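*Asks:* This one is start.txt, compact mmCIF, C-alpha atoms.
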# COMPACT_ATOMS: atom_id res chain seq x y z
CA MET A 1 -17.90 -18.44 3.78
CA ASN A 2 -21.27 -19.33 2.27
CA GLY A 3 -23.12 -16.37 3.75
CA SER A 4 -21.51 -16.57 7.19
CA ILE A 5 -21.26 -13.50 9.44
CA LEU A 6 -18.10 -13.38 11.57
CA THR A 7 -18.11 -10.91 14.47
CA SER A 8 -15.47 -9.98 17.04
CA THR A 9 -14.64 -7.04 19.31
CA GLY A 10 -11.01 -8.20 19.52
CA HIS A 11 -7.93 -7.42 17.45
CA GLU A 12 -7.32 -10.80 15.80
CA SER A 13 -7.85 -11.52 12.11
CA ALA A 14 -11.05 -13.12 10.92
CA ILE A 15 -9.27 -14.78 7.98
CA PHE A 16 -5.55 -15.54 8.16
CA VAL A 17 -3.89 -17.15 5.13
CA THR A 18 -0.22 -18.03 5.62
CA ALA A 19 2.63 -20.09 4.22
CA ASP A 20 6.26 -20.79 5.01
CA ALA A 21 9.29 -22.40 3.40
CA SER A 22 7.90 -25.89 4.00
CA THR A 23 4.21 -25.29 3.18
CA THR A 24 2.70 -24.08 -0.07
CA THR A 25 -0.53 -22.10 0.17
CA SER A 26 -2.12 -21.37 -3.18
CA TYR A 27 -5.29 -21.42 -5.26
CA ILE A 28 -7.65 -20.68 -2.39
CA THR A 29 -10.95 -18.84 -2.85
CA VAL A 30 -12.93 -17.26 0.00
CA LYS A 31 -16.30 -15.79 -0.95
CA ASN A 32 -19.76 -14.66 0.14
CA GLY A 33 -19.51 -13.52 3.72
CA THR A 34 -19.54 -10.63 6.20
CA ILE A 35 -16.86 -9.68 8.72
CA GLN A 36 -17.77 -7.29 11.52
CA GLY A 37 -15.03 -5.86 13.74
CA TYR A 38 -11.79 -7.79 14.31
CA GLY A 39 -8.36 -6.19 13.91
CA THR A 40 -6.87 -6.65 10.45
CA ALA A 41 -9.88 -8.45 9.07
CA VAL A 42 -8.20 -10.44 6.26
CA PHE A 43 -4.45 -11.10 6.42
CA VAL A 44 -2.50 -12.83 3.63
CA HIS A 45 0.72 -13.62 5.47
CA CYS A 46 4.12 -15.19 4.96
CA ALA A 47 5.78 -16.81 7.98
CA ILE A 48 9.46 -15.86 8.25
CA ASN A 49 11.42 -17.54 11.05
CA SER A 50 14.29 -15.91 12.92
CA ALA A 51 17.00 -17.50 10.77
CA GLU A 52 15.26 -16.45 7.55
CA LEU A 53 14.78 -12.93 8.92
CA ALA A 54 18.47 -12.67 9.80
CA ALA A 55 19.44 -13.87 6.34
CA LEU A 56 17.00 -11.42 4.75
CA LYS A 57 18.45 -8.52 6.69
CA ASN A 58 21.98 -9.56 5.73
CA ASP A 59 21.29 -10.05 2.02
CA PRO A 60 17.84 -8.79 1.01
CA GLU A 61 18.45 -8.90 -2.74
CA GLY A 62 19.64 -12.49 -2.50
CA VAL A 63 17.00 -13.79 -0.09
CA TYR A 64 13.84 -11.99 -1.16
CA PRO A 65 13.26 -14.22 -4.23
CA SER A 66 12.93 -17.27 -1.98
CA ILE A 67 10.55 -15.40 0.33
CA GLN A 68 8.41 -14.42 -2.65
CA ALA A 69 8.49 -17.97 -3.97
CA THR A 70 7.13 -19.42 -0.71
CA ALA A 71 4.57 -16.70 0.14
CA PRO A 72 0.89 -17.39 -0.60
CA TYR A 73 -0.16 -16.94 -4.22
CA HIS A 74 -3.36 -17.12 -6.25
CA ILE A 75 -5.60 -16.28 -3.28
CA THR A 76 -9.03 -14.90 -4.21
CA PHE A 77 -11.54 -12.98 -2.09
CA GLU A 78 -14.93 -12.53 -3.70
CA ASN A 79 -18.01 -10.77 -2.31
CA ILE A 80 -16.61 -10.19 1.19
CA ASP A 81 -18.18 -7.32 3.17
CA ILE A 82 -15.94 -5.97 5.95
CA GLN A 83 -17.42 -3.56 8.49
CA GLN A 84 -15.52 -1.41 11.00
CA PRO A 85 -12.31 -3.41 11.50
CA LYS A 86 -9.94 -1.97 14.09
CA GLY A 87 -7.07 -2.33 11.61
CA THR A 88 -6.92 -2.78 7.84
CA GLY A 89 -9.58 -4.51 5.77
CA PHE A 90 -7.34 -6.60 3.50
CA TYR A 91 -3.60 -6.82 4.27
CA VAL A 92 -1.43 -8.47 1.61
CA TRP A 93 1.91 -8.98 3.32
CA VAL A 94 5.50 -9.44 2.23
CA GLY A 95 5.98 -11.37 -1.00
CA ALA A 96 2.39 -12.54 -1.55
CA SER A 97 1.30 -12.53 -5.18
CA TYR A 98 -1.68 -12.96 -7.46
CA VAL A 99 -4.09 -12.05 -4.67
CA THR A 100 -7.46 -10.94 -6.04
CA ILE A 101 -9.93 -8.79 -4.11
CA ASN A 102 -13.07 -8.55 -6.25
CA ASN A 103 -16.57 -7.31 -5.58
CA CYS A 104 -15.75 -6.69 -1.93
CA SER A 105 -16.39 -3.78 0.42
CA VAL A 106 -14.65 -2.25 3.41
CA ASP A 107 -16.47 0.40 5.43
CA GLY A 108 -15.16 2.28 8.45
CA ALA A 109 -11.75 0.62 8.74
CA ARG A 110 -9.62 2.34 11.36
CA GLY A 111 -6.64 1.60 9.14
CA LEU A 112 -6.73 1.22 5.36
CA GLY A 113 -9.12 -0.59 3.11
CA VAL A 114 -6.29 -2.48 1.39
CA TYR A 115 -2.55 -2.60 2.12
CA LEU A 116 -0.26 -4.12 -0.52
CA ASP A 117 3.04 -4.50 1.31
CA THR A 118 6.64 -4.68 0.15
CA GLY A 119 7.63 -7.32 -2.35
CA SER A 120 4.05 -8.36 -3.04
CA HIS A 121 3.17 -8.32 -6.71
CA HIS A 122 0.63 -9.03 -9.46
CA ASN A 123 -2.36 -8.45 -7.19
CA ILE A 124 -5.79 -7.26 -8.35
CA VAL A 125 -8.22 -5.00 -6.51
CA SER A 126 -11.37 -4.71 -8.61
CA ASN A 127 -15.04 -3.73 -8.56
CA SER A 128 -14.93 -3.07 -4.83
CA THR A 129 -15.97 -0.26 -2.49
CA PHE A 130 -13.80 1.40 0.17
CA THR A 131 -15.51 4.00 2.34
CA ASN A 132 -15.06 6.05 5.51
CA GLY A 133 -11.71 4.63 6.60
CA GLY A 134 -8.45 5.86 8.04
CA PHE A 135 -9.74 8.20 10.76
CA LEU A 136 -9.05 6.25 13.95
CA ASN A 137 -6.26 4.41 15.76
CA PRO A 138 -6.89 0.80 16.77
CA ASP A 139 -7.88 1.97 20.27
CA GLY A 140 -10.53 4.26 18.83
CA THR A 141 -8.75 7.57 19.37
CA ALA A 142 -8.54 9.98 16.44
CA LYS A 143 -5.62 9.84 14.04
CA THR A 144 -4.09 13.23 13.35
CA GLY A 145 -2.08 14.81 10.52
CA ARG A 146 -0.25 12.33 8.33
CA GLY A 147 -1.31 9.51 10.62
CA ARG A 148 -4.67 9.57 8.86
CA ARG A 149 -4.76 7.05 6.07
CA GLU A 150 -5.84 6.55 2.50
CA ALA A 151 -8.09 3.78 1.19
CA ILE A 152 -5.43 1.75 -0.65
CA ALA A 153 -1.67 1.76 0.00
CA VAL A 154 0.81 0.33 -2.50
CA ASP A 155 3.96 0.22 -0.37
CA GLY A 156 6.85 -1.10 -2.45
CA SER A 157 4.50 -3.45 -4.30
CA ASP A 158 4.61 -3.83 -8.07
CA GLU A 159 2.64 -4.91 -11.14
CA ASN A 160 -0.73 -4.61 -9.42
CA THR A 161 -4.02 -3.68 -11.09
CA ILE A 162 -6.53 -1.49 -9.25
CA VAL A 163 -9.58 -1.17 -11.46
CA GLY A 164 -13.25 -0.25 -11.28
CA ASN A 165 -13.42 0.54 -7.57
CA THR A 166 -15.43 3.17 -5.70
CA ILE A 167 -13.37 5.03 -3.08
CA THR A 168 -15.08 7.74 -1.06
CA GLY A 169 -15.13 9.42 2.34
CA ASN A 170 -11.71 8.23 3.49
CA ALA A 171 -9.51 10.35 5.73
CA TYR A 172 -6.39 11.13 3.71
CA GLY A 173 -6.76 10.12 0.10
CA GLY A 174 -7.65 7.39 -2.33
CA ILE A 175 -4.77 5.31 -3.73
CA HIS A 176 -1.20 6.07 -2.64
CA LEU A 177 1.95 4.50 -4.12
CA TYR A 178 5.35 4.86 -2.51
CA SER A 179 8.66 3.31 -1.64
CA ASN A 180 9.12 2.76 2.08
CA CYS A 181 12.27 4.34 3.53
CA GLY A 182 12.90 1.31 5.74
CA GLU A 183 11.33 2.92 8.76
CA TYR A 184 12.37 2.00 12.31
CA VAL A 185 15.26 -0.16 11.17
CA SER A 186 17.11 0.03 14.50
CA THR A 187 14.12 0.04 16.86
CA ASP A 188 11.73 -2.58 15.46
CA PRO A 189 12.94 -6.15 16.11
CA THR A 190 10.57 -7.45 13.42
CA TYR A 191 11.88 -5.00 10.80
CA ILE A 192 11.69 -6.33 7.24
CA PRO A 193 14.09 -4.79 4.67
CA ARG A 194 12.39 -2.46 2.22
CA ILE A 195 14.15 -2.68 -1.13
CA PHE A 196 11.22 -2.48 -3.55
CA ASP A 197 9.52 0.46 -5.21
CA ALA A 198 5.89 0.77 -6.27
CA GLU A 199 6.41 0.20 -10.00
CA TYR A 200 4.42 -0.93 -13.05
CA ASN A 201 1.05 -0.59 -11.33
CA VAL A 202 -2.15 0.19 -13.25
CA ILE A 203 -4.88 2.35 -11.70
CA ASP A 204 -7.79 2.35 -14.12
CA GLY A 205 -11.41 3.41 -14.11
CA ASN A 206 -11.90 4.05 -10.41
CA THR A 207 -14.33 6.57 -8.90
CA ILE A 208 -12.36 8.45 -6.23
CA SER A 209 -14.10 11.30 -4.42
CA ASN A 210 -14.26 13.25 -1.16
CA ASN A 211 -11.25 11.64 0.49
CA GLY A 212 -9.96 14.57 2.53
CA THR A 213 -8.44 17.78 1.27
CA SER A 214 -4.70 17.14 0.99
CA GLY A 215 -3.82 13.46 0.59
CA GLY A 216 -4.65 13.17 -3.09
CA ALA A 217 -7.10 11.01 -4.98
CA VAL A 218 -3.94 9.31 -6.27
CA ALA A 219 -0.42 10.04 -5.05
CA ILE A 220 2.70 8.53 -6.64
CA GLY A 221 5.76 9.01 -4.45
CA LYS A 222 3.61 9.96 -1.50
CA ARG A 223 6.48 10.54 0.94
CA VAL A 224 9.09 12.19 -1.30
CA ASP A 225 8.42 15.60 0.24
CA TRP A 226 7.87 14.35 3.79
CA ASN A 227 10.43 15.12 6.48
CA LEU A 228 11.27 11.66 7.88
CA GLU A 229 13.94 12.64 10.38
CA SER A 230 12.15 10.83 13.21
CA TRP A 231 11.41 7.67 11.22
CA ASP A 232 14.77 5.90 11.72
CA CYS A 233 15.10 5.08 8.01
CA ALA A 234 17.38 2.39 6.60
CA LYS A 235 17.74 3.79 3.10
CA PRO A 236 20.47 6.28 2.16
CA LEU A 237 19.62 9.90 2.78
CA TYR A 238 18.70 11.79 -0.40
CA GLN A 239 18.59 15.37 0.88
CA GLN A 240 18.88 17.09 4.24
CA TYR A 241 17.92 20.66 5.07
CA LEU A 242 18.82 21.60 8.65
CA SER A 243 17.54 18.57 10.58
CA PHE A 244 14.92 17.65 7.96
CA LYS A 245 15.63 14.39 6.15
CA TYR A 246 14.26 13.24 2.80
CA TYR A 247 14.58 9.88 1.04
CA TRP A 248 14.59 8.86 -2.60
CA ASP A 249 11.55 7.17 -4.10
CA ASN A 250 11.93 5.40 -7.43
CA SER A 251 8.26 4.40 -7.76
CA GLY A 252 7.80 4.85 -11.48
CA PHE A 253 6.41 3.28 -14.63
CA ASN A 254 2.89 3.44 -13.21
CA THR A 255 -0.20 4.04 -15.35
CA VAL A 256 -3.13 6.09 -14.04
CA LYS A 257 -6.03 6.37 -16.46
CA ASN A 258 -9.77 6.85 -16.83
CA ASN A 259 -10.38 7.73 -13.18
CA THR A 260 -13.27 9.97 -12.17
CA GLY A 261 -14.23 11.94 -9.09
CA ASN A 262 -12.54 14.88 -7.40
CA GLY A 263 -9.40 15.80 -5.52
CA ASP A 264 -5.95 15.86 -7.11
CA ILE A 265 -3.51 13.38 -8.59
CA PHE A 266 -0.02 14.09 -7.27
CA VAL A 267 3.08 12.79 -9.06
CA ARG A 268 6.41 13.15 -7.25
CA THR A 269 8.50 10.53 -9.07
CA ASP A 270 9.73 9.86 -12.62
CA ASN A 271 8.45 7.77 -15.54
CA ASN A 272 4.68 7.67 -15.01
CA THR A 273 1.83 7.87 -17.53
CA LEU A 274 -1.46 9.63 -16.75
CA THR A 275 -4.29 9.63 -19.27
CA ASN A 276 -7.94 10.71 -19.33
CA ASN A 277 -8.41 11.38 -15.61
CA GLN A 278 -11.10 13.72 -14.33
CA GLN A 279 -8.96 14.89 -11.42
CA ALA A 280 -6.37 17.65 -11.82
CA VAL A 281 -2.83 16.29 -12.19
CA THR A 282 0.13 17.98 -10.49
CA VAL A 283 3.63 16.80 -11.38
CA ASN A 284 6.02 18.32 -8.85
CA SER A 285 8.31 17.54 -5.95
CA VAL A 286 9.49 20.42 -3.77
CA VAL A 287 12.53 18.48 -2.56
CA ARG A 288 13.54 17.34 -6.06
CA THR A 289 13.24 20.94 -7.26
CA LEU A 290 15.34 22.29 -4.39
CA ALA A 291 17.96 19.63 -5.15
CA GLY A 292 18.16 20.73 -8.78
CA ASP A 293 16.90 17.29 -9.77
CA PRO A 294 13.57 17.90 -11.55
CA LEU A 295 11.12 15.15 -12.33
CA VAL A 296 11.47 13.55 -15.77
CA ASN A 297 9.57 11.37 -18.24
CA ASN A 298 6.10 11.81 -16.83
CA GLN A 299 3.46 11.87 -19.58
CA VAL A 300 0.17 13.61 -18.84
CA THR A 301 -2.64 13.75 -21.41
CA PRO A 302 -6.28 14.86 -20.95
Here is the file; what I need is its structure written in the form of structure tokens.
*Replies:*
Amino acid sequence: MNGSILTSTGHESAIFVTADASTTTSYITVKNGTIQGYGTAVFVHCAINSAELAALKNDPEGVYPSIQATAPYHITFENIDIQQPKGTGFYVWVGASYVTINNCSVDGARGLGVYLDTGSHHNIVSNSTFTNGGFLNPDGTAKTGRGRREAIAVDGSDENTIVGNTITGNAYGGIHLYSNCGEYVSTDPTYIPRIFDAEYNVIDGNTISNNGTSGGAVAIGKRVDWNLESWDCAKPLYQQYLSFKYYWDNSGFNTVKNNTGNGDIFVRTDNNTLTNNQQAVTVNSVVRTLAGDPLVNNQVTP
């Protein structure tokens, strides 16, 4: 960008990186610029046509590898300052990999600072600042309850490294990892199957403070204890109490270490390692406990 300032009051993306089955998009670096406004400011995208989408819905395990193979990879964003986007700051979409966000900042996003979506992998978010986001809808009205958002979402994305960032003043938490239940499977015509968990991620040496009172500085298995009865989920039901519906989350084998700040670290899944964090760590799932299925193999050390 070479020092450029891009400004828009609209909802489009300022930077849109895409690929499809016939076009390889890789080894691109975007650096040194400012983005003011827009919708989702930076979007790393994978074009999926109607035939590919139908095939993916019919056989997600068989088709996803080809989607991941043709999505953008080795895309680097360096020293990008994003201010008040109406959506998310950096959105890494389905299947994209080896995307690096380094020495960047996102302030006042109405959505999240960074969204790592399903099937994306081996991405790096480092040495960046995410502040004051997640409070508003795209139209400027206030988000409420669980509609408020965290700074960084890891939604069925694996083997990512989130290191050395400063995360403060966001509406509903710092870094949240979870497996998507396959929401709105029968009502969203653009629905993408959600078969991945947030696994083998490393969250290391971040400063996470003053990000609301209940979302968690870090949350692994964010939605395990959420009633998702109205979410039209594709995944098999794990537990139901009256009309309340809960879905399994297998987001494990994550490492959370050397983080400072305040708030809590919530663990609601199995097989995670937490070491040398300043925040209090709580390992518990109400739904798993009620089901007689307690959490296992989580290692917590001071």
*Asks:* Using all atoms listed in the file, which residues sit within 7 Å of range 170-182 of chain A once same-chain residues fewer than 6 positions away are excluded, as an MDAnalysis selection string?
*Replies:* chainID A and resid 131:135 148:156 193:194 196:198 208 211:212 214:223 233:235 247 249:251
*Asks:* I'd like the contact shell of Ile124 in chain A - 8 Å cut-off, only C-alpha atoms, skipping same-chain residues fewer than 5 positions apart - returned as number ranges by chain.
*Replies:* A: 98-102, 160-163
*Asks:* Just checking: using all atoms listed in the file, which residue out of A:Tyr115, A:Asn298, A:His122, A:Asp293 ends up closest to Asp270 in chain A?
*Replies:*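 For Asp270 in chain A, the nearest of the given residues is A:Asn298.
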*Asks:* May I have the protein, DNA and RNA residues with an atom at most 9 Å from (-5.1, -13.3, 9.5), counting all atoms listed in the file in the file's coordinates, returned as an NGL selection string?
*Replies:* :A and (12-18 or 39-45 or 91)
*Asks:* Using the selection just defined, write its residues with C-alpha atoms as a compact mmCIF listing (two decimals), in the coordinates of the input.
*Replies:*
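Heads up, here's the output in part.txt:
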# COMPACT_ATOMS: atom_id res chain seq x y z
CA GLU A 12 -7.32 -10.80 15.80
CA SER A 13 -7.85 -11.52 12.11
CA ALA A 14 -11.05 -13.12 10.92
CA ILE A 15 -9.27 -14.78 7.98
CA PHE A 16 -5.55 -15.54 8.16
CA VAL A 17 -3.89 -17.15 5.13
CA THR A 18 -0.22 -18.03 5.62
CA GLY A 39 -8.36 -6.19 13.91
CA THR A 40 -6.87 -6.65 10.45
CA ALA A 41 -9.88 -8.45 9.07
CA VAL A 42 -8.20 -10.44 6.26
CA PHE A 43 -4.45 -11.10 6.42
CA VAL A 44 -2.50 -12.83 3.63
CA HIS A 45 0.72 -13.62 5.47
CA TYR A 91 -3.60 -6.82 4.27
*Asks:* For CA of Ile35 in chain A and CA of Ile75 in chain A, quote the distance in Å rounded to one decimal.
*Replies:*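 Here the two named atoms are 17.7 Å from each other.
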*Asks:* So that each row is one residue of range 99-206 of chain A with an atom at most 6 Å from range 257-266 of chain A, can you give its shortest atom pair and the distance in Å to one decimal, using all atoms listed in the file, rows by chain and rising number, as CSV?
*Replies:*
residue,atom,partner,partner_atom,distance
A:Asp204,CA,A:Lys257,CA,5.0
A:Gly205,CA,A:Asn259,CA,4.5
A:Asn206,CA,A:Asn259,CA,4.9
*Asks:* Rounded to one decimal in Å, what is the spacing between CA of Asn277 in chain A and CA of Thr166 in chain A?
*Replies:* 14.7 Å
*Asks:* Just the number, please: distance in Å from CA of Thr141 in chain A to CA of His11 in chain A, one decimal.
*Replies:*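 Computing the Euclidean distance for CA of Thr141 in chain A and CA of His11 in chain A yields 15.1 Å.
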*Asks:* Leaving out Asp232 in chain A and any residue of its chain fewer than 3 positions from it, which residues lie within 9 Å of it when counting all atoms listed in the file, given as a PDB file with C-alpha atoms, in the frame of the given file?
*Replies:*
ATOM      1  CA  CYS A 181      12.270   4.340   3.530  1.00  0.00           C
ATOM      2  CA  GLY A 182      12.900   1.310   5.740  1.00  0.00           C
ATOM      3  CA  GLU A 183      11.330   2.920   8.760  1.00  0.00           C
ATOM      4  CA  TYR A 184      12.370   2.000  12.310  1.00  0.00           C
ATOM      5  CA  VAL A 185      15.260  -0.160  11.170  1.00  0.00           C
ATOM      6  CA  SER A 186      17.110   0.030  14.500  1.00  0.00           C
ATOM      7  CA  THR A 187      14.120   0.040  16.860  1.00  0.00           C
ATOM      8  CA  LEU A 228      11.270  11.660   7.880  1.00  0.00           C
ATOM      9  CA  GLU A 229      13.940  12.640  10.380  1.00  0.00           C
TER      10      GLU A 229
END
*Asks:* Report as AutoDock Vina command-line options the centre and the edge lengths, in Å to one decimal, of the axis-aligned box holding every listed atom of range 150-165 of chain A, padded by 3 Å on each side.
*Replies:*
--center_x -3.3 --center_y 0.8 --center_z -4.5 --size_x 26.3 --size_y 17.5 --size_z 20.0
*Asks:* Measuring between all atoms listed in the file, which one of A:Gly113, A:Pro294, A:Pro72, A:Gly119 shows the shortest distance to Ser157 in chain A?
*Replies:*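 Among A:Gly113, A:Pro294, A:Pro72, A:Gly119, it is A:Gly119 that comes nearest to Ser157 in chain A.
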*Asks:* Mind rebuilding range 143-167 of chain A with N, CA and C atoms and writing that out as a short mmCIF file (atom, residue, chain, number, x, y, z; two decimals), in the frame of the given file?
*Replies:*
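Output (selection.cif):
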data_model
loop_
_atom_site.label_atom_id
_atom_site.label_comp_id
_atom_site.auth_asym_id
_atom_site.auth_seq_id
_atom_site.Cartn_x
_atom_site.Cartn_y
_atom_site.Cartn_z
N LYS A 143 -6.90 9.60 14.70
CA LYS A 143 -5.62 9.84 14.04
C LYS A 143 -5.52 11.33 13.72
N THR A 144 -4.29 11.83 13.67
CA THR A 144 -4.09 13.23 13.35
C THR A 144 -3.04 13.38 12.25
N GLY A 145 -3.09 14.50 11.53
CA GLY A 145 -2.08 14.81 10.52
C GLY A 145 -1.88 13.69 9.54
N ARG A 146 -0.58 13.38 9.30
CA ARG A 146 -0.25 12.33 8.33
C ARG A 146 -0.49 10.93 8.86
N GLY A 147 -0.90 10.81 10.10
CA GLY A 147 -1.31 9.51 10.62
C GLY A 147 -2.63 9.04 10.05
N ARG A 148 -3.44 9.96 9.55
CA ARG A 148 -4.67 9.57 8.86
C ARG A 148 -4.31 8.82 7.58
N ARG A 149 -5.17 7.93 7.16
CA ARG A 149 -4.76 7.05 6.07
C ARG A 149 -5.70 7.11 4.87
N GLU A 150 -5.14 6.66 3.76
CA GLU A 150 -5.84 6.55 2.50
C GLU A 150 -6.60 5.22 2.43
N ALA A 151 -7.34 5.03 1.35
CA ALA A 151 -8.09 3.78 1.19
C ALA A 151 -7.21 2.61 0.82
N ILE A 152 -6.28 2.83 -0.15
CA ILE A 152 -5.43 1.75 -0.65
C ILE A 152 -3.99 2.22 -0.64
N ALA A 153 -3.10 1.48 0.00
CA ALA A 153 -1.67 1.76 0.00
C ALA A 153 -0.94 0.72 -0.82
N VAL A 154 -0.07 1.20 -1.71
CA VAL A 154 0.81 0.33 -2.50
C VAL A 154 2.22 0.67 -2.05
N ASP A 155 2.72 -0.09 -1.08
CA ASP A 155 3.96 0.22 -0.37
C ASP A 155 5.06 -0.71 -0.87
N GLY A 156 5.79 -0.26 -1.91
CA GLY A 156 6.85 -1.10 -2.45
C GLY A 156 6.32 -2.39 -3.06
N SER A 157 5.15 -2.30 -3.67
CA SER A 157 4.50 -3.45 -4.30
C SER A 157 4.36 -3.14 -5.79
N ASP A 158 4.54 -4.13 -6.65
CA ASP A 158 4.61 -3.83 -8.07
C ASP A 158 3.69 -4.72 -8.92
N GLU A 159 3.40 -4.20 -10.11
CA GLU A 159 2.64 -4.91 -11.14
C GLU A 159 1.24 -5.30 -10.65
N ASN A 160 0.64 -4.41 -9.88
CA ASN A 160 -0.73 -4.61 -9.42
C ASN A 160 -1.71 -3.87 -10.32
N THR A 161 -2.95 -4.33 -10.34
CA THR A 161 -4.02 -3.68 -11.09
C THR A 161 -5.13 -3.30 -10.12
N ILE A 162 -5.47 -2.01 -10.11
CA ILE A 162 -6.53 -1.49 -9.25
C ILE A 162 -7.56 -0.86 -10.18
N VAL A 163 -8.69 -1.53 -10.37
CA VAL A 163 -9.58 -1.17 -11.46
C VAL A 163 -11.05 -1.25 -11.04
N GLY A 164 -11.81 -0.22 -11.41
CA GLY A 164 -13.25 -0.25 -11.28
C GLY A 164 -13.77 -0.16 -9.87
N ASN A 165 -13.00 0.44 -8.96
CA ASN A 165 -13.42 0.54 -7.57
C ASN A 165 -14.07 1.89 -7.27
N THR A 166 -14.85 1.93 -6.21
CA THR A 166 -15.43 3.17 -5.70
C THR A 166 -14.78 3.48 -4.35
N ILE A 167 -14.16 4.66 -4.27
CA ILE A 167 -13.37 5.03 -3.08
C ILE A 167 -13.86 6.40 -2.63
#
